[in-house]
Amino acid sequence: MSKLPDVLTIGQVAERSGVPHTALRFYEERGLIASERTAGNQRRYPRSVLRRLAFIRTAQRVGLSLEDVQQALATLPDNRTPTKSDWSRLSTSWRAELDARIDALQRLRDRLTSCIGCGCLSLRSCFLHNFQDEQSANGPGAPKLKAATEGGT
């Protein structure tokens with residue numbers, strides 16, 4: 001296997017990272033990654049962009065928004081690529097939010113299981129049931145479902 005060059009084309013970055021060209025351009029527009037331009041206006045990325053992309057994709061996989069990722073990357077000096085210790089620090093700061101999301105999803109899962117598991121299929125005892133659209137006063141969407149995922153009733 002040949003050594004990866006220090007400067008990569010957009011195609012090389014896409015192939016190596018598994019991130020589509022369109023997403024690379026989007027991330028660049030959002031300031032999450034950066035490239036330099038050749039005289040022919042082609043993008044060239046430093047090899048370190050691969051670690052930055054891995055950081056971005058991992059953060060997204062655990063449920064963080066691109067805004068969260070962008071804020072985290074902004075805390076790095078000189079907009080550098082995150083190191084292992086950076087990831088450790090940032091992931092620790094996200095732990096409480098992730099724990100709250102996990103808890104909300106588990107409670108939602110458990111309530112849905114008990115509702116579906118009762119076998120009545122009438123939804124009379126379902127905590128999500130919205131008889132005669134009484135929840136419309138609480139705004140658009142599914143307010144009971146939202147409350148369940150945010151720790152309400």
# chains A, B, ... in the order shown; residues from 1 in each chain; ligands from 1
call {"tool": "select_by_dssp", "arguments": {"residues": "region 16-119 of chain A", "states": "strand (DSSP E or B)", "output": "PyMOL selection string"}}
result
chain A and resi 36-37+43-46
call {"tool": "residues_around", "arguments": {"residues": "region 9-25 of chain A", "least_positions_apart": "6", "cutoff": "9 Å", "atoms": "only C-alpha atoms", "output": "tab-separated table (two decimals) with C-alpha atoms, in the first residue's frame"}}
result
chain	number	residue	atom	x	y	z
A	33	ILE	CA	-13.01	21.82	7.06
A	42	GLN	CA	-9.20	22.87	-7.68
A	43	ARG	CA	-9.53	22.01	-4.00
A	44	ARG	CA	-6.54	20.55	-2.18
A	45	TYR	CA	-6.89	19.31	1.38
A	47	ARG	CA	-4.01	14.96	4.94
A	49	VAL	CA	-8.55	16.69	7.14
A	50	LEU	CA	-9.17	12.93	7.32
A	51	ARG	CA	-8.93	12.98	11.13
A	53	LEU	CA	-13.74	14.32	9.11
A	54	ALA	CA	-13.59	11.25	11.34
A	57	ARG	CA	-18.75	11.89	11.50
call {"tool": "closest_residue", "arguments": {"among": "A:Ala59, A:Asp110, A:Lys84, A:Pro77", "to": "Leu98 (chain A)", "atoms": "only C-alpha atoms"}}
result
A:Ala59
call {"tool": "select_by_dssp", "arguments": {"residues": "region 2-70 of chain A", "states": "helix (DSSP H, G or I)", "output": "ChimeraX atom specification"}}
result
/A:10-17,21-29,49-61,66-70
call {"tool": "write_last_selection", "arguments": {"atoms": "C-alpha atoms", "output": "CSV table (one decimal), in the first residue's frame"}}
result
chain,number,residue,atom,x,y,z
A,10,ILE,CA,-11.4,16.1,-3.2
A,11,GLY,CA,-11.7,12.7,-4.8
A,12,GLN,CA,-9.0,11.2,-2.6
A,13,VAL,CA,-10.5,12.7,0.5
A,14,ALA,CA,-14.0,11.3,-0.5
A,15,GLU,CA,-12.6,7.9,-1.2
A,16,ARG,CA,-10.4,7.6,1.9
A,17,SER,CA,-13.0,9.1,4.3
A,21,HIS,CA,-18.0,15.1,-2.5
A,22,THR,CA,-21.2,17.0,-1.8
A,23,ALA,CA,-20.8,16.6,1.9
A,24,LEU,CA,-17.1,17.8,1.7
A,25,ARG,CA,-18.2,20.9,-0.1
A,26,PHE,CA,-21.0,21.4,2.5
A,27,TYR,CA,-18.6,21.0,5.4
A,28,GLU,CA,-16.3,23.5,3.8
A,29,GLU,CA,-19.0,26.0,3.3
A,49,VAL,CA,-8.5,16.7,7.1
A,50,LEU,CA,-9.2,12.9,7.3
A,51,ARG,CA,-8.9,13.0,11.1
A,52,ARG,CA,-11.1,16.1,11.3
A,53,LEU,CA,-13.7,14.3,9.1
A,54,ALA,CA,-13.6,11.2,11.3
A,55,PHE,CA,-14.2,13.5,14.3
A,56,ILE,CA,-17.2,15.2,12.6
A,57,ARG,CA,-18.7,11.9,11.5
A,58,THR,CA,-18.3,10.3,14.9
A,59,ALA,CA,-19.9,13.3,16.7
A,60,GLN,CA,-22.8,13.1,14.3
A,61,ARG,CA,-23.2,9.3,14.8
A,66,LEU,CA,-23.3,20.1,13.1
A,67,GLU,CA,-23.7,23.2,15.2
A,68,ASP,CA,-22.5,21.3,18.2
A,69,VAL,CA,-19.5,20.0,16.2
A,70,GLN,CA,-18.7,23.4,14.8
call {"tool": "atom_distance", "arguments": {"atom1": "CA of Thr92 (chain A)", "atom2": "CA of Arg109 (chain A)"}}
result
25.6 Å
call {"tool": "closest_residue", "arguments": {"among": "A:Leu4, A:Val62, A:Leu90, A:Ala104", "to": "Ala74 (chain A)", "atoms": "only C-alpha atoms"}}
result
A:Leu90
call {"tool": "closest_residue", "arguments": {"among": "A:Gly63, A:Leu32, A:Ala72, A:Gly40", "to": "Asp99 (chain A)", "atoms": "only C-alpha atoms"}}
result
A:Gly63
